[in-house]
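Novice: Below is a structure I'd like to ask you about.
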Amino acid sequence: MAQSSGKTYLDVYLDCGGCDIAYTRQQINYINYVIDQQLAQVHIFVTQQQTGSGSQQYELNFMGKKDFAGLDYTLSFTSPQTDTWDKRRNGLVDIIKVGLIPYLNKTELVDKIQVAINIPQDDVQEVSDKKKDPWNSWIFEVYANGNFNKESAKTILNYRYGIDADRITEEWRFRSRLYSYTNRKTYEDDGETVTSNIFRNLFDASIVKSLGDHWSAGMSGNIGKDTYRNIDLHMTLAPALEYSLFPYKEVMKKEVTLAYRVNFVRYDYLEETVFFKMHEMLTKQSINLAVRIRQPWGSVFAGMAGSHYFNDPAKNRLEMDTNINVRVFKGLALRVNGELNFIRDQIYLPIGETSLEDILLSQTQVATDYEMYVGLGLSYTFGSMYNNIINTRL
């Protein structure tokens with residue numbers, strides 16, 4: 001039997017763009033996931049290529065660090081093109097479990113290794129109880145991106161930047177973001193220059209408390225500016241309550257939730273609205289139904305949200321969207337996605353006629369009763385299912 005190093009949890013950095021990270025963490029809950037490879041004892045680097053049959057082949061490189069330096073090897077996993085996302089991610093989880101065995105063999109978990117690693121959920125403690133986290137579960141991301149397009153008579157500049165700060169534990173979830181977006185378009189014609197500017201600035205945050213296996217309560221708020229919607233300043237505060245039909249621990253496979261919110265809103269407008277307002281304070285309520293199912297036969301994502309202002313229920317909105325991916329039978333897959341919104345709450349529209357120039361430049365939102373989008377796809381795959389050769393030549 002291998003000697004135990006006295007450390008129960010492995011520090012693992014999972015470097016996998018094609019993995020469902022949340023699902024992997026749920027299924028492999030006896031390791032400590034780190035966000036920096038320099039902190040890891042094991043670095044799992046996963047690459048992905050398409051084979052001749054259209055299958056996805058994954059190569060998993062397990063690299064030992066620190067106490068495990070030199071313990072390196074590679075495993076591979078091939079997922080046929082007809083596999084659903086659920087079957088593919090389960091296959092990746094299984095191969096990761098196999099690859100971790102040589103490292104777990106040098107920890108206190110060695111006595112629990114059988115044909116498969118099976119630790120009762122009640123025996124699994126929070127990693128924070130075993131290892132001190134100097135960041136106290138906080139994750140930060142700073143980003144900036146942009147693009148510039150230039151033609152003889154047209155110039156387009158887009159850029160955005162921001163910062164996200166999140167903290168997630170079993171009992172609490174806090175999320176926040178601060179971002180700024182700018183879109184500038186300039187057109188020249190016969191010596192005349194037309195310029196369009198759209199600005200969006202936003203800070204929003206939410207905090208949610210777990211109230212058991214089926215209930216949660218939270219509060220969200222935001223403050224920002226949106227010139228496209230004629231809003232110079234908006235502020236929102238919204239308490240919420242959510243019920244999950246299934247226990248939250250089953251969320252990776254099936255989820256049906258119902259959420260209720262009350263929104264306290266203040267608007268300051270750039271131009272006088274169609275209701276002769278330059279600013280107003282309102283209250284509205286909303287209810288959201290969300291269904292997410294991931295099974296071997298495919299996946300279903302559907303949502304419906306309704307809202308209205310208390311002072312005038314006629315100012316309301318109903319939004320429905322769906323995304324369905326179903327394997328009808330081996331090789332045949334059906335994909336449907338769509339969105340339908342009935343809109344009666346555009347209280348921010350500026351008074352007066354919207355110019356054709358503003359419409360063509362997408363500089364301001366125009367009145368509409370509905371928005372609709374439908375997408376449909378059908379695919380059938382046949383032929384060799386076992387061609388695992390990778391050829392990336394020209």
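Starting from 1 in every chain, residues are counted up; chains themselves are A, B, ... following the order of the structure tokens, and ligands are numbered from 1 as listed.
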Which residues are near A:Leu270? Cut-off 10 Å, only C-alpha atoms, ignore same chain within fewer than 2 positions. Put them as a tab-separated table (two decimals) with N, CA and C atoms, in the first residue's frame.

Specialist:
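After the write, selection-v9.tsv holds the following:
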```tsv
chain	number	residue	atom	x	y	z
A	225	LYS	N	-26.76	53.70	-16.72
A	225	LYS	CA	-27.17	54.63	-17.77
A	225	LYS	C	-27.25	53.86	-19.08
A	226	ASP	N	-28.26	54.21	-19.93
A	226	ASP	CA	-28.43	53.53	-21.21
A	226	ASP	C	-29.02	54.53	-22.20
A	227	THR	N	-28.17	55.13	-23.05
A	227	THR	CA	-28.66	56.13	-23.98
A	227	THR	C	-29.56	55.53	-25.05
A	229	ARG	N	-31.90	53.43	-24.61
A	229	ARG	CA	-33.26	53.38	-24.07
A	229	ARG	C	-33.67	54.72	-23.45
A	230	ASN	N	-32.97	55.81	-23.80
A	230	ASN	CA	-33.35	57.14	-23.32
A	230	ASN	C	-33.25	57.27	-21.80
A	231	ILE	N	-32.36	56.51	-21.17
A	231	ILE	CA	-32.24	56.52	-19.71
A	231	ILE	C	-30.92	57.18	-19.31
A	232	ASP	N	-31.05	58.30	-18.62
A	232	ASP	CA	-29.87	58.99	-18.12
A	232	ASP	C	-29.37	58.35	-16.83
A	233	LEU	N	-30.31	57.87	-16.01
A	233	LEU	CA	-29.96	57.18	-14.76
A	233	LEU	C	-31.12	56.28	-14.36
A	267	TYR	N	-36.28	56.14	-12.53
A	267	TYR	CA	-35.77	56.47	-13.86
A	267	TYR	C	-35.58	57.98	-13.97
A	268	ASP	N	-34.45	58.41	-14.50
A	268	ASP	CA	-34.22	59.78	-14.97
A	268	ASP	C	-33.94	59.69	-16.47
A	272	GLU	N	-37.82	63.96	-22.69
A	272	GLU	CA	-39.16	63.75	-22.17
A	272	GLU	C	-39.80	62.55	-22.86
A	273	THR	N	-40.46	61.70	-22.07
A	273	THR	CA	-41.03	60.47	-22.60
A	273	THR	C	-42.41	60.71	-23.21
A	278	MET	N	-39.88	63.29	-17.15
A	278	MET	CA	-38.41	63.41	-17.17
A	278	MET	C	-37.78	62.54	-16.10
A	279	HIS	N	-38.56	62.17	-15.10
A	279	HIS	CA	-38.11	61.23	-14.08
A	279	HIS	C	-39.34	60.67	-13.37
A	348	TYR	N	-40.06	54.39	-21.31
A	348	TYR	CA	-38.90	55.26	-21.45
A	348	TYR	C	-38.75	55.85	-22.86
A	350	PRO	N	-38.79	58.22	-25.94
A	350	PRO	CA	-38.88	59.69	-26.00
A	350	PRO	C	-40.10	60.14	-26.80
```

Novice: With stretch 139-144 of chain A as the partner and 12 Å as the cut-off, tabulate the residues of stretch 12-41 of chain A that qualify, each row holding the nearest pair of atoms and their distance in Å to one decimal, using only C-alpha atoms, sorted by chain and rising number, as CSV.

Specialist:
```
residue,atom,partner,partner_atom,distance
A:Val34,CA,A:Ile139,CA,10.9
A:Ile35,CA,A:Ile139,CA,8.7
A:Asp36,CA,A:Ile139,CA,11.2
```

Novice: List the neighbours of A:Asp86 out to 12 Å using only C-alpha atoms; skip same-chain residues closer than 6 positions along the sequence, and give me the result as a VMD selection string.

Specialist: chain A and resid 19 to 20 23 to 24 79 92 to 93 252 to 254 293 to 300 325 to 327

Novice: Write to file, as a PDB file, in the first residue's frame, the residues of the selection just made, with N, CA, C and O atoms.

Specialist:
```pdb
ATOM      1  N   CYS A  19     -15.118  21.244 -20.782  1.00  0.00           N
ATOM      2  CA  CYS A  19     -15.747  20.559 -19.641  1.00  0.00           C
ATOM      3  C   CYS A  19     -16.856  21.411 -19.034  1.00  0.00           C
ATOM      4  O   CYS A  19     -16.802  22.639 -19.070  1.00  0.00           O
ATOM      5  N   ASP A  20     -17.844  20.753 -18.474  1.00  0.00           N
ATOM      6  CA  ASP A  20     -18.842  21.417 -17.643  1.00  0.00           C
ATOM      7  C   ASP A  20     -18.259  21.479 -16.231  1.00  0.00           C
ATOM      8  O   ASP A  20     -18.363  20.521 -15.460  1.00  0.00           O
ATOM      9  N   TYR A  23     -20.529  20.847 -13.150  1.00  0.00           N
ATOM     10  CA  TYR A  23     -20.948  19.452 -13.054  1.00  0.00           C
ATOM     11  C   TYR A  23     -19.780  18.579 -12.586  1.00  0.00           C
ATOM     12  O   TYR A  23     -19.953  17.673 -11.764  1.00  0.00           O
ATOM     13  N   THR A  24     -18.583  18.834 -13.109  1.00  0.00           N
ATOM     14  CA  THR A  24     -17.414  18.066 -12.700  1.00  0.00           C
ATOM     15  C   THR A  24     -17.143  18.232 -11.216  1.00  0.00           C
ATOM     16  O   THR A  24     -16.835  17.265 -10.503  1.00  0.00           O
ATOM     17  N   SER A  79     -15.581  10.719 -27.804  1.00  0.00           N
ATOM     18  CA  SER A  79     -17.041  10.809 -27.713  1.00  0.00           C
ATOM     19  C   SER A  79     -17.615  10.874 -29.124  1.00  0.00           C
ATOM     20  O   SER A  79     -17.336  11.808 -29.869  1.00  0.00           O
ATOM     21  N   LEU A  92     -16.249  12.406 -19.676  1.00  0.00           N
ATOM     22  CA  LEU A  92     -15.082  13.172 -19.235  1.00  0.00           C
ATOM     23  C   LEU A  92     -14.880  13.042 -17.730  1.00  0.00           C
ATOM     24  O   LEU A  92     -13.753  12.907 -17.254  1.00  0.00           O
ATOM     25  N   VAL A  93     -15.970  13.080 -16.973  1.00  0.00           N
ATOM     26  CA  VAL A  93     -15.864  12.923 -15.519  1.00  0.00           C
ATOM     27  C   VAL A  93     -15.273  11.562 -15.168  1.00  0.00           C
ATOM     28  O   VAL A  93     -14.402  11.442 -14.298  1.00  0.00           O
ATOM     29  N   MET A 252     -27.791  19.905 -11.775  1.00  0.00           N
ATOM     30  CA  MET A 252     -27.013  19.605 -12.968  1.00  0.00           C
ATOM     31  C   MET A 252     -27.765  18.716 -13.954  1.00  0.00           C
ATOM     32  O   MET A 252     -27.428  18.668 -15.132  1.00  0.00           O
ATOM     33  N   LYS A 253     -28.769  17.991 -13.491  1.00  0.00           N
ATOM     34  CA  LYS A 253     -29.537  17.108 -14.372  1.00  0.00           C
ATOM     35  C   LYS A 253     -30.945  17.618 -14.643  1.00  0.00           C
ATOM     36  O   LYS A 253     -31.455  17.475 -15.752  1.00  0.00           O
ATOM     37  N   LYS A 254     -31.581  18.190 -13.647  1.00  0.00           N
ATOM     38  CA  LYS A 254     -32.939  18.692 -13.840  1.00  0.00           C
ATOM     39  C   LYS A 254     -33.209  19.832 -12.869  1.00  0.00           C
ATOM     40  O   LYS A 254     -32.800  19.798 -11.711  1.00  0.00           O
ATOM     41  N   ILE A 293     -33.391  20.831 -18.223  1.00  0.00           N
ATOM     42  CA  ILE A 293     -33.274  19.373 -18.134  1.00  0.00           C
ATOM     43  C   ILE A 293     -32.107  18.919 -18.996  1.00  0.00           C
ATOM     44  O   ILE A 293     -32.016  19.292 -20.169  1.00  0.00           O
ATOM     45  N   ARG A 294     -31.216  18.138 -18.424  1.00  0.00           N
ATOM     46  CA  ARG A 294     -30.091  17.555 -19.153  1.00  0.00           C
ATOM     47  C   ARG A 294     -30.121  16.054 -18.927  1.00  0.00           C
ATOM     48  O   ARG A 294     -29.935  15.592 -17.800  1.00  0.00           O
ATOM     49  N   GLN A 295     -30.389  15.312 -19.979  1.00  0.00           N
ATOM     50  CA  GLN A 295     -30.505  13.865 -19.895  1.00  0.00           C
ATOM     51  C   GLN A 295     -29.753  13.242 -21.071  1.00  0.00           C
ATOM     52  O   GLN A 295     -29.386  13.931 -22.022  1.00  0.00           O
ATOM     53  N   PRO A 296     -29.535  11.905 -21.027  1.00  0.00           N
ATOM     54  CA  PRO A 296     -28.828  11.267 -22.147  1.00  0.00           C
ATOM     55  C   PRO A 296     -29.498  11.479 -23.497  1.00  0.00           C
ATOM     56  O   PRO A 296     -28.825  11.464 -24.521  1.00  0.00           O
ATOM     57  N   TRP A 297     -30.803  11.704 -23.513  1.00  0.00           N
ATOM     58  CA  TRP A 297     -31.494  11.896 -24.792  1.00  0.00           C
ATOM     59  C   TRP A 297     -31.374  13.313 -25.332  1.00  0.00           C
ATOM     60  O   TRP A 297     -31.752  13.595 -26.469  1.00  0.00           O
ATOM     61  N   GLY A 298     -30.863  14.231 -24.526  1.00  0.00           N
ATOM     62  CA  GLY A 298     -30.719  15.601 -24.988  1.00  0.00           C
ATOM     63  C   GLY A 298     -30.919  16.587 -23.854  1.00  0.00           C
ATOM     64  O   GLY A 298     -30.804  16.243 -22.668  1.00  0.00           O
ATOM     65  N   SER A 299     -31.224  17.819 -24.214  1.00  0.00           N
ATOM     66  CA  SER A 299     -31.379  18.861 -23.209  1.00  0.00           C
ATOM     67  C   SER A 299     -32.527  19.786 -23.579  1.00  0.00           C
ATOM     68  O   SER A 299     -32.841  19.992 -24.764  1.00  0.00           O
ATOM     69  N   VAL A 300     -33.174  20.339 -22.556  1.00  0.00           N
ATOM     70  CA  VAL A 300     -34.272  21.284 -22.729  1.00  0.00           C
ATOM     71  C   VAL A 300     -34.039  22.465 -21.793  1.00  0.00           C
ATOM     72  O   VAL A 300     -33.814  22.278 -20.590  1.00  0.00           O
ATOM     73  N   ASN A 325     -32.633  20.516 -27.600  1.00  0.00           N
ATOM     74  CA  ASN A 325     -31.732  19.686 -28.401  1.00  0.00           C
ATOM     75  C   ASN A 325     -32.034  18.236 -28.053  1.00  0.00           C
ATOM     76  O   ASN A 325     -31.749  17.791 -26.940  1.00  0.00           O
ATOM     77  N   VAL A 326     -32.636  17.508 -28.986  1.00  0.00           N
ATOM     78  CA  VAL A 326     -33.116  16.150 -28.716  1.00  0.00           C
ATOM     79  C   VAL A 326     -32.524  15.176 -29.726  1.00  0.00           C
ATOM     80  O   VAL A 326     -32.547  15.434 -30.941  1.00  0.00           O
ATOM     81  N   ARG A 327     -32.003  14.075 -29.225  1.00  0.00           N
ATOM     82  CA  ARG A 327     -31.580  12.996 -30.102  1.00  0.00           C
ATOM     83  C   ARG A 327     -32.792  12.103 -30.355  1.00  0.00           C
ATOM     84  O   ARG A 327     -33.226  11.360 -29.481  1.00  0.00           O
TER      85      ARG A 327
END
```

Novice: Report as a list in words all protein, DNA and RNA residues lying within 9 Å of A:Leu282, evaluated on only C-alpha atoms, omitting residues in the same chain fewer than 4 positions from it.

Specialist: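 Surrounding residues, per the criterion: Asn263, Phe264, Val265, Arg266, Tyr267, Tyr309, Phe310 and Asn311 of chain A.
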
Novice: Give me the residues near A:Arg335 as an mmCIF file with C-alpha atoms, in the first residue's frame, where near means some atom within 8 Å (using only C-alpha atoms) and where sequence neighbours in that chain fewer than 3 positions away do not count.

Specialist:
```cif
data_model
loop_
_atom_site.group_PDB
_atom_site.id
_atom_site.type_symbol
_atom_site.label_atom_id
_atom_site.label_comp_id
_atom_site.auth_asym_id
_atom_site.auth_seq_id
_atom_site.Cartn_x
_atom_site.Cartn_y
_atom_site.Cartn_z
ATOM 1 C CA ASN A 323 -33.755 25.897 -26.477
ATOM 2 C CA ILE A 324 -34.299 22.203 -27.188
ATOM 3 C CA ASN A 325 -31.732 19.686 -28.401
ATOM 4 C CA VAL A 326 -33.116 16.150 -28.716
ATOM 5 C CA LEU A 376 -34.869 25.150 -36.300
ATOM 6 C CA GLY A 377 -32.167 22.636 -37.118
ATOM 7 C CA LEU A 378 -32.070 18.980 -38.076
#
```

Novice: Considering only C-alpha atoms, return as a compact mmCIF listing (two decimals) with N, CA, C and O atoms, in the first residue's frame whatever protein or nucleic-acid residues lie within 10 Å of A:Ser180, sequence-local ones (same chain, fewer than 5 positions apart) excluded.

Specialist:
```
# COMPACT_ATOMS: atom_id res chain seq x y z
N ALA A 144 -11.24 43.74 -20.58
CA ALA A 144 -11.39 44.85 -21.51
C ALA A 144 -11.27 44.29 -22.92
O ALA A 144 -10.44 43.43 -23.18
N TYR A 159 -16.05 49.34 -27.72
CA TYR A 159 -15.18 48.85 -26.65
C TYR A 159 -15.97 48.74 -25.36
O TYR A 159 -16.96 49.45 -25.14
N ARG A 160 -15.53 47.82 -24.53
CA ARG A 160 -16.13 47.62 -23.22
C ARG A 160 -15.06 47.19 -22.23
O ARG A 160 -14.05 46.59 -22.60
N TYR A 161 -15.30 47.49 -20.99
CA TYR A 161 -14.38 47.07 -19.93
C TYR A 161 -15.17 46.95 -18.64
O TYR A 161 -16.26 47.53 -18.49
N GLY A 162 -14.64 46.17 -17.71
CA GLY A 162 -15.37 46.00 -16.46
C GLY A 162 -14.64 45.08 -15.50
O GLY A 162 -13.53 44.61 -15.76
N ILE A 163 -15.30 44.84 -14.39
CA ILE A 163 -14.78 43.95 -13.36
C ILE A 163 -15.93 43.18 -12.74
O ILE A 163 -17.01 43.74 -12.51
N PHE A 199 -24.08 54.70 -25.30
CA PHE A 199 -23.32 54.44 -24.08
C PHE A 199 -24.17 53.62 -23.12
O PHE A 199 -25.37 53.89 -22.94
N ARG A 200 -23.55 52.62 -22.52
CA ARG A 200 -24.19 51.86 -21.45
C ARG A 200 -23.19 51.71 -20.31
O ARG A 200 -22.08 51.22 -20.51
N ASN A 201 -23.59 52.14 -19.13
CA ASN A 201 -22.79 51.97 -17.93
C ASN A 201 -23.66 51.32 -16.87
O ASN A 201 -24.82 51.72 -16.69
N LEU A 202 -23.12 50.33 -16.19
CA LEU A 202 -23.96 49.60 -15.24
C LEU A 202 -23.13 49.03 -14.09
O LEU A 202 -22.02 48.54 -14.29
N PHE A 203 -23.70 49.13 -12.91
CA PHE A 203 -23.22 48.36 -11.76
C PHE A 203 -24.42 47.61 -11.21
O PHE A 203 -25.46 48.20 -10.91
N GLY A 224 -27.36 52.57 -13.28
CA GLY A 224 -26.69 52.67 -14.56
C GLY A 224 -27.29 53.70 -15.49
O GLY A 224 -28.20 54.46 -15.12
N LYS A 225 -26.76 53.70 -16.72
CA LYS A 225 -27.17 54.63 -17.77
C LYS A 225 -27.25 53.86 -19.08
O LYS A 225 -26.42 52.99 -19.35
```

Novice: Please compute the atom CA of A:Leu349-atom CA of A:Arg184 distance, one decimal, in Å.

Specialist: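 Answer for the atom CA of A:Leu349 to atom CA of A:Arg184 separation: 21.1 Å.
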
Novice: In Å, rounded to a single decimal, give me how far atom CA of A:Thr236 is from atom CA of A:Ile207.

Specialist: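 One can read the atom CA of A:Ile207 to atom CA of A:Thr236 distance as 14.2 Å.
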
Novice: Could you jot down the atom CA of A:Asn61 to atom CA of A:Trp135 separation for me, Å, one decimal place?

Specialist: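 Taking atom CA of A:Asn61 and atom CA of A:Trp135, their separation equals 28.1 Å.
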
Novice: Among stretch 131-357 of chain A, which ones does DSSP place in helix (DSSP H, G or I), written as a list of chain:residue names?

Specialist: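 Helix (DSSP H, G or I) members of stretch 131-357 of chain A, listed: A:Thr227, A:Tyr228, A:Arg229, A:Tyr248, A:Lys249, A:Glu250, A:Leu356, A:Glu357.
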
Novice: Selection from above, C-alpha atoms, as a PDB file, in the first residue's frame, can you write it?

Specialist:
```pdb
ATOM      1  CA  THR A 227     -28.660  56.133 -23.984  1.00  0.00           C
ATOM      2  CA  TYR A 228     -30.227  53.592 -26.373  1.00  0.00           C
ATOM      3  CA  ARG A 229     -33.257  53.381 -24.068  1.00  0.00           C
ATOM      4  CA  TYR A 248     -30.837  22.101  -5.578  1.00  0.00           C
ATOM      5  CA  LYS A 249     -28.262  19.287  -5.531  1.00  0.00           C
ATOM      6  CA  GLU A 250     -29.994  17.824  -8.623  1.00  0.00           C
ATOM      7  CA  LEU A 356     -35.194  57.472 -40.018  1.00  0.00           C
ATOM      8  CA  GLU A 357     -31.570  58.336 -39.338  1.00  0.00           C
TER       9      GLU A 357
END
```

Novice: Which neighbours of A:Arg344 fall inside 8 Å, counting only C-alpha atoms, when residues of the same chain fewer than 5 positions from it are skipped, and could you give them as a list in words?

Specialist: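 Listing them by chain and then by number gives Ala314, Lys315, Asn316, Arg317 and Asp369 of chain A.
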
Novice: The selected residues should be written to file as a short mmCIF file (atom, residue, chain, number, x, y, z; two decimals), in the first residue's frame (atoms: N, CA, C and O atoms).

Specialist:
```cif
data_model
loop_
_atom_site.label_atom_id
_atom_site.label_comp_id
_atom_site.auth_asym_id
_atom_site.auth_seq_id
_atom_site.Cartn_x
_atom_site.Cartn_y
_atom_site.Cartn_z
N ALA A 314 -51.60 47.63 -17.11
CA ALA A 314 -51.57 47.55 -18.57
C ALA A 314 -50.16 47.70 -19.12
O ALA A 314 -49.87 47.30 -20.25
N LYS A 315 -49.28 48.28 -18.32
CA LYS A 315 -47.87 48.38 -18.71
C LYS A 315 -47.18 47.09 -18.24
O LYS A 315 -46.73 46.99 -17.10
N ASN A 316 -47.15 46.13 -19.12
CA ASN A 316 -46.67 44.80 -18.73
C ASN A 316 -45.80 44.20 -19.83
O ASN A 316 -45.69 44.75 -20.94
N ARG A 317 -45.23 43.06 -19.52
CA ARG A 317 -44.36 42.35 -20.46
C ARG A 317 -44.44 40.86 -20.17
O ARG A 317 -44.45 40.44 -19.01
N ASP A 369 -44.75 46.17 -30.26
CA ASP A 369 -45.67 45.38 -29.45
C ASP A 369 -45.11 43.99 -29.15
O ASP A 369 -45.56 43.34 -28.21
#
```
